[in-house]
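Visitor: Contents of model28.tsv (TSV, N, CA and C atoms and all ligand atoms) are given next:
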```
chain	number	residue	atom	x	y	z
A	1	MET	N	150.58	-30.18	100.20
A	1	MET	CA	151.41	-30.25	101.43
A	1	MET	C	150.86	-29.23	102.44
A	2	GLU	N	150.47	-29.70	103.58
A	2	GLU	CA	149.71	-28.89	104.53
A	2	GLU	C	150.44	-27.62	104.96
A	3	ASN	N	151.72	-27.74	105.27
A	3	ASN	CA	152.44	-26.60	105.84
A	3	ASN	C	153.33	-25.87	104.86
A	4	CYS	N	153.22	-26.21	103.59
A	4	CYS	CA	154.05	-25.55	102.57
A	4	CYS	C	153.47	-24.17	102.25
A	5	LEU	N	154.30	-23.15	102.36
A	5	LEU	CA	153.85	-21.76	102.12
A	5	LEU	C	153.21	-21.60	100.74
A	6	PHE	N	153.85	-22.13	99.72
A	6	PHE	CA	153.31	-21.92	98.37
A	6	PHE	C	152.07	-22.79	98.13
A	7	CYS	N	151.97	-23.94	98.78
A	7	CYS	CA	150.71	-24.70	98.70
A	7	CYS	C	149.59	-23.92	99.37
A	8	LYS	N	149.90	-23.21	100.45
A	8	LYS	CA	148.89	-22.36	101.11
A	8	LYS	C	148.46	-21.24	100.17
A	9	ILE	N	149.40	-20.66	99.44
A	9	ILE	CA	149.05	-19.64	98.45
A	9	ILE	C	148.14	-20.24	97.39
A	10	LEU	N	148.48	-21.44	96.92
A	10	LEU	CA	147.65	-22.10	95.90
A	10	LEU	C	146.24	-22.36	96.40
A	11	ARG	N	146.10	-22.67	97.69
A	11	ARG	CA	144.78	-22.94	98.26
A	11	ARG	C	144.04	-21.65	98.62
A	12	GLY	N	144.71	-20.50	98.47
A	12	GLY	CA	144.09	-19.23	98.80
A	12	GLY	C	144.10	-18.91	100.28
A	13	GLU	N	144.87	-19.66	101.05
A	13	GLU	CA	144.93	-19.43	102.51
A	13	GLU	C	145.85	-18.25	102.84
A	14	ILE	N	146.76	-17.96	101.92
A	14	ILE	CA	147.65	-16.79	102.04
A	14	ILE	C	147.46	-15.99	100.75
A	15	PRO	N	147.27	-14.67	100.86
A	15	PRO	CA	147.03	-13.88	99.65
A	15	PRO	C	148.28	-13.79	98.78
A	16	SER	N	148.06	-13.63	97.49
A	16	SER	CA	149.17	-13.43	96.57
A	16	SER	C	148.70	-12.55	95.43
A	17	SER	N	149.67	-11.96	94.75
A	17	SER	CA	149.37	-11.10	93.61
A	17	SER	C	149.56	-11.92	92.34
A	18	ARG	N	148.48	-12.52	91.85
A	18	ARG	CA	148.56	-13.44	90.72
A	18	ARG	C	148.86	-12.70	89.42
A	19	VAL	N	149.75	-13.25	88.63
A	19	VAL	CA	150.00	-12.69	87.31
A	19	VAL	C	149.66	-13.68	86.20
A	20	TYR	N	149.57	-14.97	86.53
A	20	TYR	CA	149.29	-15.99	85.50
A	20	TYR	C	148.81	-17.26	86.20
A	21	GLU	N	147.90	-17.95	85.54
A	21	GLU	CA	147.48	-19.25	86.07
A	21	GLU	C	146.96	-20.11	84.92
A	22	ASP	N	147.32	-21.38	84.94
A	22	ASP	CA	146.67	-22.35	84.06
A	22	ASP	C	146.47	-23.63	84.86
A	23	GLU	N	146.16	-24.70	84.18
A	23	GLU	CA	145.82	-25.95	84.85
A	23	GLU	C	146.95	-26.45	85.76
A	24	ASN	N	148.18	-26.23	85.34
A	24	ASN	CA	149.32	-26.83	86.04
A	24	ASN	C	150.25	-25.83	86.72
A	25	VAL	N	150.07	-24.55	86.42
A	25	VAL	CA	151.06	-23.53	86.79
A	25	VAL	C	150.38	-22.34	87.44
A	26	TYR	N	151.06	-21.76	88.43
A	26	TYR	CA	150.58	-20.53	89.06
A	26	TYR	C	151.78	-19.58	89.16
A	27	ALA	N	151.55	-18.30	88.91
A	27	ALA	CA	152.63	-17.31	88.99
A	27	ALA	C	152.12	-16.08	89.73
A	28	PHE	N	152.99	-15.53	90.57
A	28	PHE	CA	152.59	-14.41	91.43
A	28	PHE	C	153.80	-13.56	91.72
A	29	ARG	N	153.56	-12.32	92.15
A	29	ARG	CA	154.66	-11.39	92.40
A	29	ARG	C	155.37	-11.75	93.70
A	30	ASP	N	156.72	-11.69	93.63
A	30	ASP	CA	157.50	-11.93	94.83
A	30	ASP	C	157.23	-10.81	95.83
A	31	ILE	N	157.09	-11.17	97.09
A	31	ILE	CA	156.77	-10.20	98.14
A	31	ILE	C	157.95	-9.28	98.43
A	32	ASN	N	159.14	-9.68	98.04
A	32	ASN	CA	160.36	-8.89	98.30
A	32	ASN	C	161.14	-8.78	96.98
A	33	PRO	N	160.63	-7.98	96.04
A	33	PRO	CA	161.19	-8.00	94.68
A	33	PRO	C	162.65	-7.57	94.62
A	34	GLN	N	163.42	-8.30	93.82
A	34	GLN	CA	164.84	-8.03	93.62
A	34	GLN	C	165.11	-7.32	92.29
A	35	ALA	N	164.07	-7.02	91.56
A	35	ALA	CA	164.17	-6.33	90.27
A	35	ALA	C	162.81	-5.69	90.01
A	36	PRO	N	162.73	-4.77	89.04
A	36	PRO	CA	161.43	-4.15	88.76
A	36	PRO	C	160.33	-5.17	88.46
A	37	VAL	N	160.68	-6.25	87.78
A	37	VAL	CA	159.76	-7.38	87.62
A	37	VAL	C	160.37	-8.58	88.34
A	38	HIS	N	159.64	-9.11	89.29
A	38	HIS	CA	160.10	-10.31	90.02
A	38	HIS	C	158.86	-11.17	90.28
A	39	VAL	N	158.73	-12.19	89.44
A	39	VAL	CA	157.57	-13.09	89.50
A	39	VAL	C	158.07	-14.47	89.88
A	40	LEU	N	157.30	-15.16	90.71
A	40	LEU	CA	157.58	-16.55	91.05
A	40	LEU	C	156.62	-17.44	90.27
A	41	ILE	N	157.17	-18.45	89.61
A	41	ILE	CA	156.37	-19.38	88.83
A	41	ILE	C	156.50	-20.75	89.46
A	42	ILE	N	155.36	-21.35	89.78
A	42	ILE	CA	155.40	-22.64	90.47
A	42	ILE	C	154.49	-23.65	89.78
A	43	PRO	N	154.88	-24.93	89.84
A	43	PRO	CA	153.92	-25.97	89.47
A	43	PRO	C	152.90	-26.11	90.60
A	44	LYS	N	151.65	-26.38	90.23
A	44	LYS	CA	150.64	-26.56	91.27
A	44	LYS	C	150.90	-27.83	92.09
A	45	ALA	N	151.46	-28.83	91.45
A	45	ALA	CA	151.84	-30.03	92.18
A	45	ALA	C	153.07	-29.73	93.03
A	46	HIS	N	153.08	-30.27	94.23
A	46	HIS	CA	154.20	-29.99	95.13
A	46	HIS	C	155.41	-30.85	94.80
A	47	LEU	N	156.50	-30.16	94.47
A	47	LEU	CA	157.83	-30.78	94.44
A	47	LEU	C	158.68	-29.91	95.33
A	48	THR	N	159.60	-30.48	96.07
A	48	THR	CA	160.39	-29.69	97.01
A	48	THR	C	161.35	-28.75	96.29
A	49	SER	N	161.96	-29.24	95.24
A	49	SER	CA	162.93	-28.41	94.52
A	49	SER	C	163.23	-29.07	93.18
A	50	ALA	N	164.10	-28.42	92.41
A	50	ALA	CA	164.51	-28.99	91.13
A	50	ALA	C	165.26	-30.31	91.31
A	51	ASP	N	165.72	-30.55	92.53
A	51	ASP	CA	166.42	-31.80	92.79
A	51	ASP	C	165.49	-33.01	92.72
A	52	GLU	N	164.17	-32.76	92.70
A	52	GLU	CA	163.20	-33.87	92.64
A	52	GLU	C	162.68	-34.11	91.22
A	53	ILE	N	163.22	-33.39	90.25
A	53	ILE	CA	162.73	-33.56	88.88
A	53	ILE	C	163.26	-34.86	88.29
A	54	VAL	N	162.32	-35.67	87.81
A	54	VAL	CA	162.65	-36.94	87.14
A	54	VAL	C	161.77	-37.03	85.89
A	55	ALA	N	162.00	-38.05	85.10
A	55	ALA	CA	161.25	-38.17	83.84
A	55	ALA	C	159.74	-38.19	84.08
A	56	ASP	N	159.31	-38.82	85.17
A	56	ASP	CA	157.87	-38.97	85.41
A	56	ASP	C	157.17	-37.66	85.75
A	57	ASN	N	157.90	-36.66	86.26
A	57	ASN	CA	157.25	-35.38	86.58
A	57	ASN	C	157.77	-34.23	85.71
A	58	ALA	N	158.56	-34.56	84.70
A	58	ALA	CA	159.17	-33.51	83.88
A	58	ALA	C	158.13	-32.67	83.14
A	59	ALA	N	156.93	-33.21	82.94
A	59	ALA	CA	155.89	-32.43	82.27
A	59	ALA	C	155.52	-31.19	83.08
A	60	LEU	N	155.66	-31.27	84.39
A	60	LEU	CA	155.37	-30.11	85.23
A	60	LEU	C	156.35	-28.98	84.93
A	61	VAL	N	157.59	-29.35	84.75
A	61	VAL	CA	158.62	-28.36	84.45
A	61	VAL	C	158.41	-27.79	83.05
A	62	ALA	N	158.03	-28.66	82.13
A	62	ALA	CA	157.72	-28.17	80.78
A	62	ALA	C	156.56	-27.18	80.82
A	63	ALA	N	155.58	-27.46	81.66
A	63	ALA	CA	154.43	-26.54	81.78
A	63	ALA	C	154.88	-25.19	82.32
A	64	VAL	N	155.78	-25.20	83.31
A	64	VAL	CA	156.31	-23.94	83.85
A	64	VAL	C	157.05	-23.18	82.76
A	65	PHE	N	157.91	-23.89	82.02
A	65	PHE	CA	158.73	-23.18	81.03
A	65	PHE	C	157.94	-22.79	79.79
A	66	THR	N	156.80	-23.41	79.58
A	66	THR	CA	155.91	-22.96	78.53
A	66	THR	C	155.21	-21.67	78.94
A	67	ALA	N	154.95	-21.55	80.24
A	67	ALA	CA	154.28	-20.34	80.75
A	67	ALA	C	155.23	-19.14	80.78
A	68	ILE	N	156.51	-19.38	81.00
A	68	ILE	CA	157.45	-18.28	81.23
A	68	ILE	C	157.47	-17.25	80.09
A	69	PRO	N	157.58	-17.65	78.84
A	69	PRO	CA	157.58	-16.61	77.78
A	69	PRO	C	156.28	-15.81	77.73
A	70	LYS	N	155.18	-16.45	78.04
A	70	LYS	CA	153.89	-15.72	78.07
A	70	LYS	C	153.90	-14.68	79.18
A	71	ILE	N	154.40	-15.08	80.34
A	71	ILE	CA	154.44	-14.14	81.47
A	71	ILE	C	155.42	-13.01	81.17
A	72	ALA	N	156.58	-13.37	80.62
A	72	ALA	CA	157.57	-12.34	80.29
A	72	ALA	C	157.00	-11.33	79.30
A	73	ALA	N	156.29	-11.82	78.31
A	73	ALA	CA	155.69	-10.91	77.32
A	73	ALA	C	154.64	-10.02	77.98
A	74	ALA	N	153.83	-10.61	78.84
A	74	ALA	CA	152.78	-9.83	79.52
A	74	ALA	C	153.38	-8.77	80.45
A	75	GLU	N	154.58	-9.06	80.97
A	75	GLU	CA	155.26	-8.12	81.86
A	75	GLU	C	156.10	-7.11	81.10
A	76	GLY	N	156.12	-7.23	79.78
A	76	GLY	CA	156.85	-6.26	78.96
A	76	GLY	C	158.35	-6.47	78.90
A	77	LEU	N	158.78	-7.70	79.15
A	77	LEU	CA	160.23	-7.98	79.20
A	77	LEU	C	160.76	-8.29	77.79
A	78	THR	N	160.67	-7.30	76.93
A	78	THR	CA	161.04	-7.50	75.53
A	78	THR	C	162.54	-7.51	75.31
A	79	ASN	N	163.30	-7.04	76.31
A	79	ASN	CA	164.75	-6.95	76.13
A	79	ASN	C	165.51	-8.03	76.89
A	80	GLY	N	164.79	-9.04	77.37
A	80	GLY	CA	165.44	-10.14	78.07
A	80	GLY	C	165.06	-10.21	79.53
A	81	TYR	N	165.46	-11.30	80.14
A	81	TYR	CA	165.14	-11.55	81.55
A	81	TYR	C	165.99	-12.71	82.05
A	82	ARG	N	165.86	-13.00	83.33
A	82	ARG	CA	166.62	-14.11	83.95
A	82	ARG	C	165.64	-15.02	84.66
A	83	VAL	N	165.90	-16.33	84.58
A	83	VAL	CA	165.12	-17.33	85.31
A	83	VAL	C	166.07	-18.10	86.22
A	84	ILE	N	165.70	-18.16	87.50
A	84	ILE	CA	166.57	-18.78	88.49
A	84	ILE	C	165.74	-19.73	89.35
A	85	THR	N	166.32	-20.87	89.69
A	85	THR	CA	165.73	-21.69	90.75
A	85	THR	C	166.81	-22.05	91.75
A	86	ASN	N	166.52	-21.83	93.02
A	86	ASN	CA	167.45	-22.14	94.09
A	86	ASN	C	167.12	-23.53	94.64
A	87	VAL	N	168.17	-24.27	95.00
A	87	VAL	CA	167.99	-25.64	95.49
A	87	VAL	C	168.75	-25.83	96.79
A	88	GLY	N	168.02	-26.14	97.85
A	88	GLY	CA	168.63	-26.56	99.11
A	88	GLY	C	169.41	-25.47	99.82
A	89	GLU	N	170.14	-25.89	100.82
A	89	GLU	CA	170.83	-24.95	101.70
A	89	GLU	C	171.88	-24.13	100.96
A	90	ASP	N	172.75	-24.79	100.23
A	90	ASP	CA	173.80	-24.05	99.52
A	90	ASP	C	173.22	-23.19	98.40
A	91	GLY	N	172.07	-23.57	97.90
A	91	GLY	CA	171.40	-22.76	96.88
A	91	GLY	C	170.57	-21.63	97.45
A	92	ALA	N	170.54	-21.55	98.81
A	92	ALA	CA	169.78	-20.49	99.49
A	92	ALA	C	168.29	-20.56	99.18
A	93	GLN	N	167.77	-21.78	99.12
A	93	GLN	CA	166.33	-21.96	98.90
A	93	GLN	C	165.61	-21.81	100.24
A	94	SER	N	164.71	-20.83	100.32
A	94	SER	CA	164.01	-20.58	101.59
A	94	SER	C	162.62	-21.20	101.62
A	95	VAL	N	161.99	-21.38	100.47
A	95	VAL	CA	160.66	-21.99	100.42
A	95	VAL	C	160.78	-23.33	99.69
A	96	LYS	N	160.38	-24.38	100.37
A	96	LYS	CA	160.63	-25.73	99.88
A	96	LYS	C	159.49	-26.24	98.99
A	97	HIS	N	159.16	-25.42	98.01
A	97	HIS	CA	158.22	-25.81	96.93
A	97	HIS	C	158.88	-25.31	95.65
A	98	LEU	N	159.11	-26.20	94.72
A	98	LEU	CA	159.80	-25.82	93.48
A	98	LEU	C	159.24	-24.52	92.92
A	99	HIS	N	160.13	-23.57	92.68
A	99	HIS	CA	159.70	-22.29	92.10
A	99	HIS	C	160.83	-21.71	91.28
A	100	PHE	N	160.42	-20.93	90.29
A	100	PHE	CA	161.37	-20.29	89.39
A	100	PHE	C	161.16	-18.78	89.51
A	101	HIS	N	162.26	-18.08	89.77
A	101	HIS	CA	162.23	-16.62	89.83
A	101	HIS	C	162.37	-16.08	88.41
A	102	LEU	N	161.44	-15.24	88.00
A	102	LEU	CA	161.55	-14.51	86.73
A	102	LEU	C	161.88	-13.06	87.08
A	103	LEU	N	163.08	-12.65	86.67
A	103	LEU	CA	163.60	-11.32	87.02
A	103	LEU	C	163.84	-10.51	85.76
A	104	GLY	N	163.46	-9.27	85.79
A	104	GLY	CA	163.72	-8.42	84.64
A	104	GLY	C	163.26	-7.00	84.87
A	105	GLY	N	163.23	-6.25	83.78
A	105	GLY	CA	162.82	-4.86	83.87
A	105	GLY	C	163.97	-3.91	84.04
A	106	LYS	N	165.20	-4.44	84.08
A	106	LYS	CA	166.41	-3.62	84.11
A	106	LYS	C	167.56	-4.52	83.63
A	107	LYS	N	168.71	-3.90	83.37
A	107	LYS	CA	169.91	-4.69	83.06
A	107	LYS	C	170.39	-5.35	84.34
A	108	LEU	N	170.34	-6.66	84.39
A	108	LEU	CA	170.70	-7.39	85.61
A	108	LEU	C	172.22	-7.53	85.71
A	109	PRO	N	172.74	-7.68	86.95
A	109	PRO	CA	174.18	-7.85	87.09
A	109	PRO	C	174.68	-9.12	86.41
A	110	GLU	N	175.89	-9.05	85.85
A	110	GLU	CA	176.43	-10.22	85.17
A	110	GLU	C	176.79	-11.33	86.14
A	111	SER	N	177.12	-10.96	87.38
A	111	SER	CA	177.48	-11.95	88.38
A	111	SER	C	176.27	-12.77	88.78
A	112	MET	N	176.44	-14.07	88.89
A	112	MET	CA	175.35	-14.96	89.28
A	112	MET	C	175.44	-15.32	90.75
A	113	ALA	N	176.54	-15.06	91.40
A	113	ALA	CA	176.70	-15.48	92.80
A	113	ALA	C	177.77	-14.64	93.48
A	201	LIG	P1	163.91	-18.86	97.50
A	201	LIG	O1	164.81	-18.10	98.43
A	201	LIG	O2	164.51	-19.17	96.19
A	201	LIG	O3	163.30	-20.06	98.19
A	201	LIG	O4	162.72	-17.86	97.15
A	201	LIG	C1	161.57	-17.72	97.92
A	201	LIG	C2	160.95	-16.42	97.53
A	201	LIG	O5	159.64	-16.39	98.03
A	201	LIG	C3	161.68	-15.19	98.08
A	201	LIG	O6	162.13	-14.39	97.00
A	201	LIG	C4	160.62	-14.51	98.92
A	201	LIG	O7	160.68	-13.09	98.85
A	201	LIG	C5	159.34	-15.06	98.33
A	201	LIG	N1	158.19	-15.08	99.22
A	201	LIG	C6	158.15	-15.53	100.49
A	201	LIG	N2	156.89	-15.42	100.98
A	201	LIG	C7	156.14	-14.91	99.98
A	201	LIG	C8	154.76	-14.56	99.84
A	201	LIG	N3	153.89	-14.73	100.85
A	201	LIG	N4	154.33	-14.03	98.68
A	201	LIG	C9	155.20	-13.84	97.66
A	201	LIG	N5	156.51	-14.16	97.71
A	201	LIG	C10	156.97	-14.68	98.86
```
What does the file become when written as structure tokens?
Guide:
Amino acid sequence: MENCLFCKILRGEIPSSRVYEDENVYAFRDINPQAPVHVLIIPKAHLTSADEIVADNAALVAAVFTAIPKIAAAEGLTNGYRVITNVGEDGAQSVKHLHFHLLGGKKLPESMA
């Protein structure tokens, strides 16, 4: 997607701090971290949000969630972490490329919203 921020990161047009990459998945540090560890994990294929997940593209999500424990271990998150995806306006999604926030490195608040 030409004007998608995260597609631009994938193409190297915008710099990012990479923490993990494989054939289907890219992960990089959030530019505005909300916790000591705040990594964004994205499928390389463009989906707008989790609202577009269907059986035909579910392998992309499986690839992301297969990567998450590896990234968490590499980041030293041995005591747990949180994975969040925001969807649409009410979900406060600001970048319209499916992404999962991996947050950890401290005891996170119990409140989700
Ligand atoms: P969301 O609000 O769920 O769409 O999350 C988008 C996230 O992307 C926010 O946490 C931003 O801080 C982060 N972000 C925006 N631009 C960049 C960038 N150039 N590099 C890394 N993270 C970014």
Visitor: Would you kindly return, as a list in words, each protein, DNA or RNA residue with an atom no farther than 8 Å from any atom of Lys44 of chain A, considering only C-alpha atoms and excluding same-chain residues fewer than 6 positions away?
Guide: Cys7, Leu10, Asn24, Val25 and Tyr26 of chain A
Visitor: Ligand LIG 201 (chain A): which residues are within 9 Å, counting only C-alpha atoms and all ligand atoms? Reply as a ChimeraX atom specification.
Guide: /A:5-6,9,14-17,28-34,38-40,84-88,91-101
Visitor: Would you please give, as a list in words, all residues of segment 17-102 of chain A that DSSP assigns to strand (DSSP E) based on the backbone?
Guide: Arg18, Val19, Tyr20, Glu21, Val25, Tyr26, Ala27, Phe28, Arg29, Val37, His38, Val39, Leu40, Ile41, Ile42, Pro43, Tyr81, Arg82, Val83, Ile84, Phe100, His101 and Leu102 of chain A
Visitor: If you run DSSP over the backbone, which residues in chain A end up alpha helix (DSSP H)? Put them as a ChimeraX atom specification.
Guide: /A:5-10,58-74
Visitor: Find the distance between atom CA of Glu110 of chain A and atom C of Asp90 of chain A and write it in Å to one decimal.
Guide: 18.8 Å
Visitor: Kindly indicate which residue among A:Ala113, A:Val61, A:Ser49, A:Gly105 lies nearest to Pro36 of chain A, using only N, CA and C atoms for the distances.
Guide: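 Counting only N, CA and C atoms, the residue closest to Pro36 of chain A is A:Gly105.
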Visitor: Record the distance separating atom CA of Ala63 of chain A and atom CA of Ala50 of chain A, expressed in Å with one decimal.
Guide: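 Calculated distance between atom CA of Ala63 of chain A and atom CA of Ala50 of chain A is 14.0 Å.
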Visitor: Point out the residue among A:Ala45, A:Ala73, A:Val54, A:Cys4 with the least atom-to-atom distance to Glu23 of chain A, counting only N, CA and C atoms.
Guide: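 The closest residue to Glu23 of chain A is A:Ala45.
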Visitor: Using all atoms listed in the file, can you list as a PyMOL selection string the residues within 8 Å of (170.5, -9.9, 81.0)?
Guide: chain A and resi 79-82+104+106-110
Visitor: One decimal, Å: what's the distance from atom C of Pro43 of chain A over to atom C of Leu60 of chain A, could you say?
Guide: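 Interatomic distance here is 7.2 Å.
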Visitor: Axis-aligned box over every listed atom of segment 77-94 of chain A, padded by 4 Å per side: centre and edges in Å to one decimal, as AutoDock Vina command-line options?
Guide:
```
--center_x 166.3 --center_y -16.8 --center_z 88.5 --size_x 23.0 --size_y 27.6 --size_z 34.4
```
Visitor: Ranking A:Val64, A:Ile71, A:Val37, A:Ala55 by minimum distance to Tyr20 of chain A and counting only N, CA and C atoms, which one comes first?
Guide: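 Closest residue, counting only N, CA and C atoms: A:Ile71.
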